[in-house]
file structure25.txt (compact mmCIF, C-alpha atoms and all ligand atoms)
# COMPACT_ATOMS: atom_id res chain seq x y z
CA MET A 201 23.34 -29.41 115.21
CA SER A 202 22.61 -32.94 113.96
CA SER A 203 25.06 -35.83 114.28
CA ARG A 204 25.57 -35.73 110.51
CA GLU A 205 27.01 -32.22 110.84
CA THR A 206 29.24 -33.05 113.80
CA PHE A 207 30.32 -36.62 112.96
CA ASP A 208 33.92 -36.98 111.85
CA PRO A 209 34.12 -40.35 110.03
CA GLN A 210 37.93 -40.39 110.19
CA ILE A 211 39.26 -42.93 112.66
CA VAL A 212 41.96 -41.32 114.81
CA ASP A 213 44.39 -43.30 116.92
CA ILE A 214 43.03 -41.97 120.22
CA VAL A 215 39.85 -40.15 121.21
CA ILE A 216 39.83 -38.41 124.59
CA ILE A 217 36.81 -37.30 126.61
CA GLY A 218 37.66 -34.15 128.55
CA SER A 219 39.83 -31.10 127.88
CA GLY A 220 40.84 -30.66 131.54
CA MET A 221 44.42 -31.06 132.69
CA ALA A 222 44.29 -34.87 132.45
CA GLY A 223 42.95 -34.89 128.90
CA LEU A 224 45.38 -32.21 127.75
CA ALA A 225 48.41 -33.92 129.29
CA ALA A 226 47.39 -37.21 127.69
CA ALA A 227 46.79 -35.65 124.28
CA ARG A 228 50.16 -33.87 124.30
CA CYS A 229 51.86 -37.12 125.17
CA ALA A 230 50.03 -38.96 122.33
CA GLN A 231 50.80 -36.23 119.83
CA ALA A 232 54.48 -36.20 120.81
CA ALA A 233 54.52 -39.95 120.09
CA GLY A 234 53.20 -39.28 116.59
CA ARG A 235 49.61 -40.45 117.20
CA SER A 236 46.52 -38.75 115.84
CA VAL A 237 44.35 -37.60 118.70
CA CYS A 238 41.07 -35.75 119.15
CA ILE A 239 39.65 -34.34 122.42
CA LEU A 240 35.93 -33.84 122.92
CA ASP A 241 34.56 -31.82 125.84
CA LYS A 242 31.08 -30.79 126.85
CA GLY A 243 32.11 -27.43 128.31
CA ARG A 244 32.14 -24.14 126.44
CA ARG A 245 35.84 -23.67 127.04
CA ILE A 246 38.99 -25.69 127.45
CA GLY A 247 40.36 -26.47 130.92
CA GLY A 248 37.63 -28.17 132.95
CA ARG A 249 38.03 -27.13 136.58
CA VAL A 250 40.98 -24.86 135.74
CA SER A 251 38.50 -22.26 134.71
CA THR A 252 37.72 -18.58 134.37
CA ARG A 253 34.33 -16.92 134.00
CA ARG A 254 33.76 -13.54 132.39
CA ALA A 255 30.56 -11.77 133.37
CA ASN A 256 29.77 -8.17 132.47
CA GLU A 257 33.07 -6.29 132.97
CA PHE A 258 34.29 -8.80 135.56
CA THR A 259 36.71 -11.73 135.40
CA PHE A 260 36.51 -14.51 137.99
CA ASN A 261 38.87 -17.45 138.37
CA HIS A 262 36.23 -19.62 140.00
CA GLY A 263 37.80 -23.10 139.85
CA ALA A 264 41.37 -24.04 140.82
CA GLN A 265 43.00 -21.04 142.51
CA PHE A 266 46.67 -21.90 142.15
CA LEU A 267 48.83 -24.90 141.43
CA THR A 268 51.97 -26.46 142.74
CA ALA A 269 54.51 -28.46 140.73
CA ARG A 270 56.78 -31.20 142.10
CA GLN A 271 56.94 -33.96 139.48
CA PRO A 272 59.67 -33.30 136.90
CA ASP A 273 57.35 -33.59 133.87
CA PHE A 274 54.84 -31.18 135.36
CA VAL A 275 57.63 -28.83 136.45
CA SER A 276 58.84 -28.79 132.81
CA ALA A 277 55.33 -28.08 131.51
CA CYS A 278 54.98 -25.24 134.04
CA GLU A 279 58.36 -23.79 133.05
CA ALA A 280 57.30 -23.79 129.40
CA ALA A 281 54.01 -22.13 130.32
CA GLN A 282 55.88 -19.58 132.40
CA ASP A 283 58.25 -18.81 129.49
CA ALA A 284 55.19 -18.25 127.30
CA GLY A 285 53.67 -15.90 129.89
CA ALA A 286 50.74 -18.22 130.67
CA LEU A 287 51.84 -18.88 134.26
CA ARG A 288 53.27 -16.70 137.03
CA PRO A 289 54.95 -17.70 140.29
CA TRP A 290 52.80 -16.92 143.32
CA ARG A 291 53.75 -17.33 146.96
CA VAL A 292 50.37 -18.11 148.41
CA ALA A 293 48.98 -19.85 151.51
CA GLY A 294 52.57 -20.34 152.67
CA ARG A 295 53.57 -22.20 149.49
CA GLU A 296 55.63 -21.55 146.39
CA ALA A 297 52.97 -21.94 143.73
CA PHE A 298 51.86 -20.70 140.31
CA CYS A 299 48.79 -19.06 138.94
CA GLY A 300 47.60 -18.73 135.35
CA ALA A 301 48.33 -15.39 133.72
CA PRO A 302 46.42 -13.31 133.13
CA THR A 303 43.78 -15.90 134.07
CA MET A 304 43.83 -19.50 135.26
CA ARG A 305 42.39 -20.65 131.94
CA ASP A 306 45.51 -19.43 130.16
CA LEU A 307 47.36 -22.51 131.38
CA PRO A 308 45.05 -25.07 129.68
CA ALA A 309 44.86 -22.77 126.65
CA PHE A 310 48.66 -22.91 126.43
CA LEU A 311 48.75 -26.70 126.88
CA GLY A 312 46.03 -27.15 124.26
CA GLU A 313 47.83 -25.25 121.50
CA GLY A 314 48.18 -27.38 118.37
CA LEU A 315 45.80 -30.09 119.60
CA THR A 316 42.49 -30.99 117.95
CA ILE A 317 39.84 -30.11 120.53
CA ARG A 318 36.08 -29.97 120.02
CA GLN A 319 34.26 -28.15 122.83
CA GLN A 320 30.51 -28.27 123.50
CA VAL A 321 30.20 -31.93 122.55
CA GLU A 322 28.71 -33.94 125.41
CA ILE A 323 29.45 -37.63 125.05
CA THR A 324 26.47 -39.71 126.13
CA ALA A 325 27.61 -43.18 125.03
CA ILE A 326 30.72 -45.15 124.10
CA THR A 327 30.47 -48.19 121.84
CA ARG A 328 33.12 -50.70 120.75
CA ASP A 329 32.92 -52.62 117.51
CA ASP A 330 35.48 -54.34 115.30
CA GLY A 331 38.51 -52.70 116.86
CA VAL A 332 36.98 -49.21 116.73
CA ILE A 333 35.61 -47.09 119.57
CA THR A 334 32.77 -44.73 118.66
CA LEU A 335 31.78 -41.78 120.85
CA HIS A 336 28.17 -40.61 120.63
CA ASP A 337 26.38 -37.47 121.73
CA ALA A 338 22.61 -37.14 122.06
CA THR A 339 22.25 -36.87 118.27
CA GLY A 340 24.40 -39.85 117.24
CA PRO A 341 28.05 -40.73 116.59
CA VAL A 342 30.54 -37.86 116.80
CA ALA A 343 34.05 -39.37 116.73
CA ARG A 344 35.88 -42.65 116.26
CA GLY A 345 39.23 -43.91 117.48
CA ARG A 346 41.25 -47.08 117.91
CA GLN A 347 41.61 -46.32 121.62
CA ALA A 348 39.65 -44.06 123.99
CA LEU A 349 40.61 -42.29 127.21
CA VAL A 350 37.89 -41.08 129.59
CA THR A 351 38.96 -38.18 131.86
CA ALA A 352 35.57 -36.96 133.13
CA PRO A 353 35.25 -36.64 136.94
CA ALA A 354 34.76 -40.13 138.44
CA PRO A 355 30.95 -40.15 138.90
CA GLN A 356 30.43 -38.93 135.32
CA ALA A 357 33.04 -41.38 134.02
CA ALA A 358 31.29 -44.24 135.86
CA ARG A 359 27.97 -43.48 134.14
CA LEU A 360 29.59 -43.41 130.70
CA LEU A 361 31.67 -46.55 131.26
CA GLU A 362 29.06 -48.81 132.87
CA PRO A 363 27.62 -50.25 129.62
CA VAL A 364 30.92 -50.65 127.75
CA ALA A 365 33.57 -51.23 130.45
CA PRO A 366 31.87 -52.10 133.77
CA GLU A 367 35.22 -52.95 135.37
CA LEU A 368 36.42 -49.35 134.79
CA ALA A 369 33.08 -47.98 136.01
CA ALA A 370 33.71 -49.89 139.26
CA THR A 371 37.16 -48.27 139.52
CA ALA A 372 35.55 -44.85 139.09
CA ARG A 373 32.93 -45.58 141.73
CA SER A 374 35.70 -46.22 144.29
CA ALA A 375 36.78 -42.53 144.13
CA ALA A 376 35.01 -39.69 145.95
CA TYR A 377 34.88 -35.89 145.77
CA ALA A 378 34.01 -33.01 148.06
CA PRO A 379 31.82 -30.29 146.50
CA CYS A 380 32.57 -26.56 146.55
CA TRP A 381 30.22 -23.59 146.34
CA THR A 382 32.01 -20.60 144.81
CA GLY A 383 30.71 -17.05 145.14
CA MET A 384 31.64 -14.37 142.59
CA TYR A 385 31.15 -10.66 143.30
CA GLY A 386 31.79 -7.62 141.11
CA PHE A 387 31.82 -4.04 142.39
CA ALA A 388 31.38 -0.67 140.74
CA ASP A 389 34.19 0.99 142.71
CA ARG A 390 37.63 0.22 141.39
CA ASP A 391 39.30 1.30 144.60
CA MET A 392 37.93 -1.01 147.21
CA PRO A 393 38.58 -0.40 150.89
CA ASP A 394 41.62 -2.27 152.17
CA ILE A 395 41.92 -4.94 149.51
CA THR A 396 43.61 -7.84 151.28
CA GLY A 397 45.58 -10.76 149.89
CA PRO A 398 43.98 -14.18 149.70
CA ILE A 399 42.59 -15.64 152.90
CA SER A 400 42.10 -19.31 153.63
CA ALA A 401 40.29 -20.96 156.53
CA ASP A 402 39.86 -24.57 157.60
CA SER A 403 36.25 -24.55 158.60
CA GLY A 404 33.32 -22.90 156.88
CA PRO A 405 31.49 -21.22 155.54
CA VAL A 406 34.51 -19.51 153.91
CA GLY A 407 37.40 -21.77 152.87
CA TRP A 408 39.14 -19.28 150.57
CA GLY A 409 38.70 -15.69 149.44
CA CYS A 410 40.70 -13.78 146.84
CA TRP A 411 40.48 -10.45 145.06
CA GLU A 412 41.18 -10.98 141.37
CA SER A 413 43.42 -7.89 141.34
CA GLY A 414 45.68 -9.57 143.92
CA ARG A 415 46.70 -12.36 141.55
CA PRO A 416 50.12 -11.98 139.87
CA GLY A 417 49.72 -11.09 136.20
CA ALA A 418 46.04 -10.21 136.55
CA VAL A 419 44.75 -7.52 134.26
CA VAL A 420 43.49 -5.06 136.83
CA GLY A 421 40.00 -4.04 135.85
CA ALA A 422 36.75 -3.82 137.73
CA ALA A 423 37.02 -5.03 141.34
CA ALA A 424 36.11 -8.71 141.55
CA LEU A 425 36.13 -11.06 144.53
CA VAL A 426 35.98 -14.87 144.56
CA VAL A 427 34.91 -16.64 147.77
CA GLN A 428 35.03 -20.44 147.93
CA ALA A 429 33.17 -22.29 150.66
CA ALA A 430 34.79 -24.91 152.85
CA PRO A 431 33.96 -28.55 151.95
CA ASP A 432 31.67 -29.34 154.93
CA TRP A 433 29.61 -26.21 154.44
CA SER A 434 29.41 -26.82 150.67
CA LYS A 435 28.19 -30.35 151.29
CA ALA A 436 25.56 -29.27 153.81
CA GLU A 437 24.26 -26.51 151.50
CA LEU A 438 24.77 -28.30 148.17
CA GLU A 439 21.16 -28.48 147.00
CA ARG A 440 20.22 -24.89 147.94
CA ASP A 441 19.57 -22.28 145.25
CA ALA A 442 22.56 -20.28 144.09
CA ASP A 443 21.26 -16.80 145.04
CA PRO A 444 21.04 -17.32 148.82
CA ILE A 445 24.39 -19.10 148.71
CA ALA A 446 25.99 -16.09 147.00
CA ALA A 447 24.54 -13.78 149.67
CA ALA A 448 25.57 -16.06 152.56
CA LEU A 449 29.16 -16.41 151.37
CA LEU A 450 29.62 -12.67 150.96
CA THR A 451 28.25 -12.04 154.44
CA ALA A 452 30.57 -14.74 155.83
CA TRP A 453 33.61 -13.23 154.06
CA GLN A 454 32.83 -9.82 155.59
CA SER A 455 32.46 -11.33 159.07
CA LEU A 456 35.75 -13.19 158.69
CA THR A 457 37.75 -10.21 157.44
CA GLY A 458 35.93 -7.42 159.31
CA ILE A 459 35.71 -5.52 156.01
CA VAL A 460 32.35 -4.02 155.10
CA LEU A 461 31.84 -3.97 151.34
CA PRO A 462 29.48 -1.89 149.24
CA ARG A 463 26.65 -3.78 147.52
CA PRO A 464 28.06 -5.74 144.55
CA THR A 465 26.74 -4.95 141.07
CA TYR A 466 27.23 -8.60 140.14
CA ALA A 467 26.79 -11.59 142.45
CA ALA A 468 26.53 -15.25 141.50
CA ALA A 469 27.40 -18.65 142.90
CA HIS A 470 28.66 -21.71 141.06
CA ARG A 471 28.03 -25.20 142.42
CA TRP A 472 31.03 -27.48 141.85
CA ARG A 473 29.51 -30.87 142.57
CA TYR A 474 32.86 -32.62 142.04
CA ALA A 475 35.52 -30.15 143.18
CA ARG A 476 38.33 -31.78 145.13
CA VAL A 477 39.14 -35.48 145.37
CA VAL A 478 38.81 -36.79 148.93
CA GLN A 479 39.40 -40.41 148.03
CA VAL A 480 41.38 -41.63 145.04
CA ALA A 481 40.37 -44.76 143.13
CA ASP A 482 41.37 -48.12 144.61
CA ALA A 483 45.04 -48.75 143.90
CA ASP A 484 44.41 -52.33 142.72
CA ALA A 485 41.42 -51.56 140.50
CA PRO A 486 41.96 -51.65 136.70
CA ARG A 487 42.84 -48.45 134.80
CA GLN A 488 42.19 -49.90 131.35
CA THR A 489 40.21 -52.69 129.73
CA ALA A 490 41.99 -56.01 129.25
CA GLU A 491 42.69 -55.42 125.55
CA GLY A 492 43.71 -51.81 126.23
CA MET A 493 41.13 -50.09 124.02
CA ILE A 494 39.55 -48.01 126.79
CA ALA A 495 41.42 -46.33 129.64
CA ILE A 496 40.68 -43.85 132.43
CA ALA A 497 42.50 -40.83 133.86
CA GLY A 498 41.73 -37.74 135.91
CA ASP A 499 42.68 -36.30 139.28
CA TRP A 500 40.66 -39.07 140.94
CA ILE A 501 43.34 -41.61 139.97
CA VAL A 502 46.19 -39.75 141.67
CA GLY A 503 45.10 -36.93 144.04
CA ALA A 504 43.26 -33.65 144.53
CA ARG A 505 45.43 -31.20 142.63
CA VAL A 506 45.98 -29.85 139.14
CA GLU A 507 49.35 -31.57 139.06
CA ASP A 508 47.75 -34.91 139.97
CA ALA A 509 45.34 -34.62 137.05
CA PHE A 510 48.22 -33.81 134.67
CA MET A 511 50.27 -36.77 135.90
CA ALA A 512 47.26 -39.11 135.71
CA GLY A 513 46.70 -38.13 132.07
CA GLN A 514 50.32 -38.55 131.17
CA ARG A 515 50.64 -41.94 132.87
CA ALA A 516 47.45 -43.29 131.32
CA MET A 517 48.61 -42.28 127.87
CA ALA A 518 52.08 -43.80 128.36
CA SER A 519 50.40 -47.08 129.17
CA MET A 520 47.99 -46.83 126.21
CA LEU A 521 50.88 -46.14 123.84
CA GLU A 522 52.75 -49.15 125.17
CA ILE A 523 49.75 -51.39 124.52
CA SER A 524 49.13 -50.08 121.02
CA ALA A 525 52.83 -50.42 120.16
CA GLY A 526 52.71 -54.08 121.18
CA ALA A 527 49.45 -54.79 119.29
C1 LIG B 1 36.62 -24.89 143.29
C2 LIG B 1 37.87 -25.66 143.03
C3 LIG B 1 39.08 -25.23 143.57
C4 LIG B 1 40.24 -25.94 143.33
N1 LIG B 1 41.42 -25.44 143.79
C5 LIG B 1 42.57 -26.05 143.45
C6 LIG B 1 43.81 -25.47 143.76
O1 LIG B 1 43.87 -24.36 144.30
N2 LIG B 1 44.95 -26.14 143.41
C7 LIG B 1 44.91 -27.34 142.75
O2 LIG B 1 45.98 -27.90 142.44
N3 LIG B 1 43.73 -27.91 142.41
C8 LIG B 1 42.58 -27.29 142.73
N4 LIG B 1 41.38 -27.83 142.34
C9 LIG B 1 41.37 -29.17 141.72
C10 LIG B 1 41.78 -29.13 140.25
O3 LIG B 1 41.05 -28.12 139.59
C11 LIG B 1 41.46 -30.48 139.62
O4 LIG B 1 42.11 -31.51 140.37
C12 LIG B 1 41.90 -30.63 138.17
O5 LIG B 1 41.68 -29.45 137.44
C13 LIG B 1 41.14 -31.79 137.55
O6 LIG B 1 41.48 -31.98 136.19
P1 LIG B 1 40.84 -33.19 135.38
O7 LIG B 1 41.33 -33.11 134.00
O8 LIG B 1 41.06 -34.45 136.15
O9 LIG B 1 39.26 -32.96 135.45
P2 LIG B 1 38.38 -31.75 134.88
O10 LIG B 1 39.12 -30.49 134.93
O11 LIG B 1 37.09 -31.83 135.61
O12 LIG B 1 38.19 -32.13 133.35
C14 LIG B 1 37.26 -33.08 132.94
C15 LIG B 1 36.58 -32.58 131.69
O13 LIG B 1 35.68 -33.59 131.23
C16 LIG B 1 34.58 -32.94 130.62
N5 LIG B 1 33.47 -33.89 130.58
C17 LIG B 1 32.87 -34.52 131.62
N6 LIG B 1 31.90 -35.33 131.16
C18 LIG B 1 31.91 -35.20 129.81
C19 LIG B 1 31.12 -35.79 128.78
N7 LIG B 1 30.14 -36.66 129.03
N8 LIG B 1 31.37 -35.43 127.48
C20 LIG B 1 32.37 -34.54 127.19
N9 LIG B 1 33.13 -33.96 128.15
C21 LIG B 1 32.90 -34.29 129.43
C22 LIG B 1 34.31 -31.74 131.51
O14 LIG B 1 33.63 -30.73 130.80
C23 LIG B 1 35.74 -31.33 131.90
O15 LIG B 1 36.22 -30.28 131.08
C24 LIG B 1 40.20 -27.12 142.55
C25 LIG B 1 38.98 -27.54 141.99
C26 LIG B 1 37.84 -26.80 142.21
C27 LIG B 1 36.57 -27.21 141.53

call {"tool": "encode", "arguments": {"input": "structure25.txt", "output": "structure tokens"}}
result
Amino acid sequence: MSSRETFDPQIVDIVIIGSGMAGLAAARCAQAAGRSVCILDKGRRIGGRVSTRRANEFTFNHGAQFLTARQPDFVSACEAAQDAGALRPWRVAGREAFCGAPTMRDLPAFLGEGLTIRQQVEITAITRDDGVITLHDATGPVARGRQALVTAPAPQAARLLEPVAPELAATARSAAYAPCWTGMYGFADRDMPDITGPISADSGPVGWGCWESGRPGAVVGAAALVVQAAPDWSKAELERDADPIAAALLTAWQSLTGIVLPRPTYAAAHRWRYARVVQVADADAPRQTAEGMIAIAGDWIVGARVEDAFMAGQRAMASMLEISAGA
């Protein structure tokens, strides 16, 4: 598709890069304040790392596994999602938590209702001219706004921001992530031997393993298992091909549980290069440009969890709204 086909010449109040939890929380906040807002995201589907993959007859929640809610605004959002059936309580890993229902992606889908979101648009450049921010993809300009919020994971945000807001790129470079290899396995037999609840371990290879049928609210279909590697193992094996990783993680899960599985009919591994935040951005580093036209948000501003991303998006937008109200 050429830029002429995708370019929206209308100038909205706020353009947001990223339809993950941070971008969605920010957009909801802007919309509630009566601002026009448009989200652009390079992924096929809404939600970023709160994600679900469908492959053949299998469903895998291969990103965030569950979420916890402590901050009042996030608790309210979770209650609304729960009322709508998009979230279920889940006591897991010794915590009172929630999971998306029937899939993790149902939470971002719920939060994104009524927002203008354009998926599969990868922003490659941001320019600023005459009080207007223009976002570009590889073919040319795609959206314009009076303010822009970048919620991509920190290393990707740094690359985008360097030419237009080097001070924010430096903030992004002060954050760090651990990677995570995730194995996904589908089986022909619906009745698997001794299907256990989720397991978690501190040291690798396996950090977490969960049968999809064990999740509250899951639509029980073909047997599907998700195994996520521990951070150290993921880091050591990060540049390996996906196929041997998928095989190694399944073998490791069987050793850990003592359960011998039949051969899966589907096996794949996903490399999350930026999975969990291990170091948030410097507390004193700027979160927006001096005139307030460009701002940053994402889990890497606050912490390593879904809730942190949501709160980062909401706080960034509150500050952007304050600046634009005073302009
Ligand atoms: C394997 C794994 C397990 C996890 N488990 C848990 C858990 O159990 N509990 C928990 O609370 N948290 C967990 N997390 C962390 C949680 O998923 C994240 O903290 C949170 O989802 C981050 O949201 P975000 O909006 O900051 O970023 P993201 O969800 O990464 O959203 C950023 C978005 O920006 C888009 N983007 C990036 N660059 C561009 C570009 N150039 N143009 C357009 N779009 C772009 C991306 O496509 C993405 O959709 C896990 C994460 C992973 C990967």

call {"tool": "residues_near_ligand", "arguments": {"input": "structure25.txt", "ligand": "ligand LIG 1 (chain B)", "cutoff": "7 Å", "atoms": "only C-alpha atoms and all ligand atoms", "output": "NGL selection string"}}
result
:A and (217-223 or 240-243 or 246-250 or 262-268 or 321-324 or 351-353 or 356-357 or 360 or 380 or 382 or 428 or 472 or 474-476 or 497-500 or 504-510)

call {"tool": "atom_distance", "arguments": {"input": "structure25.txt", "atom1": "CA of Gly409 (chain A)", "atom2": "CA of Ala512 (chain A)"}}
result
28.5 Å

call {"tool": "atom_distance", "arguments": {"input": "structure25.txt", "atom1": "CA of Phe260 (chain A)", "atom2": "CA of Ala301 (chain A)"}}
result
12.6 Å

call {"tool": "atom_distance", "arguments": {"input": "structure25.txt", "atom1": "CA of Val342 (chain A)", "atom2": "CA of Val237 (chain A)"}}
result
13.9 Å

call {"tool": "residues_near_point", "arguments": {"input": "structure25.txt", "point": "(47.6, -15.4, 152.7)", "cutoff": "9 Å", "atoms": "only C-alpha atoms", "output": "JSON, numbers by chain"}}
result
{"A": [291, 292, 293, 294, 396, 397, 398, 399, 400]}

call {"tool": "residues_around", "arguments": {"input": "structure25.txt", "residues": "Val212 (chain A)", "least_positions_apart": "5", "cutoff": "8 Å", "atoms": "only C-alpha atoms", "output": "list in words"}}
result
Ser236, Val237, Cys238, Arg344, Gly345 and Arg346 of chain A

call {"tool": "write_last_selection", "arguments": {"input": "structure25.txt", "atoms": "C-alpha atoms", "output": "tab-separated table (two decimals), in the frame of the given file"}}
result
chain	number	residue	atom	x	y	z
A	236	SER	CA	46.52	-38.75	115.84
A	237	VAL	CA	44.35	-37.60	118.70
A	238	CYS	CA	41.07	-35.75	119.15
A	344	ARG	CA	35.88	-42.65	116.26
A	345	GLY	CA	39.23	-43.91	117.48
A	346	ARG	CA	41.25	-47.08	117.91

call {"tool": "closest_residue", "arguments": {"input": "structure25.txt", "among": "A:Gly503, A:Pro302, A:Pro444, A:Pro289", "to": "Ser413 (chain A)", "atoms": "only C-alpha atoms"}}
result
A:Pro302

call {"tool": "closest_residue", "arguments": {"input": "structure25.txt", "among": "A:Arg415, A:Arg245, A:Arg253, A:Arg515", "to": "Ala309 (chain A)", "atoms": "all atoms listed in the file"}}
result
A:Arg245

call {"tool": "closest_residue", "arguments": {"input": "structure25.txt", "among": "A:Leu361, A:Ala284, A:Ala378, A:Ala372", "to": "Ala436 (chain A)", "atoms": "all atoms listed in the file"}}
result
A:Ala378

call {"tool": "residues_around", "arguments": {"input": "structure25.txt", "residues": "Arg254 (chain A)", "least_positions_apart": "3", "cutoff": "12 Å", "atoms": "all atoms listed in the file", "output": "PyMOL selection string"}}
result
chain A and resi 245+251+257-262+303+305+384-386+412+421-422+424+466+468

call {"tool": "residues_near_point", "arguments": {"input": "structure25.txt", "point": "(36.8, -30.6, 116.3)", "cutoff": "8 Å", "atoms": "all atoms listed in the file", "output": "PyMOL selection string"}}
result
chain A and resi 238-240+316-319

call {"tool": "closest_residue", "arguments": {"input": "structure25.txt", "among": "A:Ala233, A:Leu449, A:Ile523, A:Ala286", "to": "Ala490 (chain A)", "atoms": "only C-alpha atoms"}}
result
A:Ile523

call {"tool": "closest_atom_pairs", "arguments": {"input": "structure25.txt", "of": "region 353-440 of chain A", "to": "region 452-456 of chain A", "cutoff": "8 Å", "atoms": "all atoms listed in the file", "output": "Markdown table"}}
result
| residue | atom | partner | partner_atom | distance |
| --- | --- | --- | --- | --- |
| A:Pro405 | CA | A:Ala452 | CA | 6.6 |
| A:Val406 | CA | A:Trp453 | CA | 6.3 |
| A:Gly409 | CA | A:Trp453 | CA | 7.3 |
| A:Val427 | CA | A:Trp453 | CA | 7.3 |

call {"tool": "write_last_selection", "arguments": {"input": "structure25.txt", "atoms": "C-alpha atoms", "output": "PDB file, in the frame of the given file"}}
result
ATOM      1  CA  PRO A 405      31.490 -21.220 155.540  1.00  0.00           C
ATOM      2  CA  VAL A 406      34.510 -19.510 153.910  1.00  0.00           C
ATOM      3  CA  GLY A 409      38.700 -15.690 149.440  1.00  0.00           C
ATOM      4  CA  VAL A 427      34.910 -16.640 147.770  1.00  0.00           C
TER       5      VAL A 427
END

call {"tool": "axis_aligned_box", "arguments": {"input": "structure25.txt", "around": "region 489-501 of chain A", "padding_each_side": "4 Å", "output": "AutoDock Vina command-line options"}}
result
--center_x 41.6 --center_y -46.2 --center_z 132.5 --size_x 12.2 --size_y 27.7 --size_z 24.9

call {"tool": "residues_around", "arguments": {"input": "structure25.txt", "residues": "Gly314 (chain A)", "least_positions_apart": "3", "cutoff": "10 Å", "atoms": "all atoms listed in the file", "output": "PyMOL selection string"}}
result
chain A and resi 228+231+310-311+317
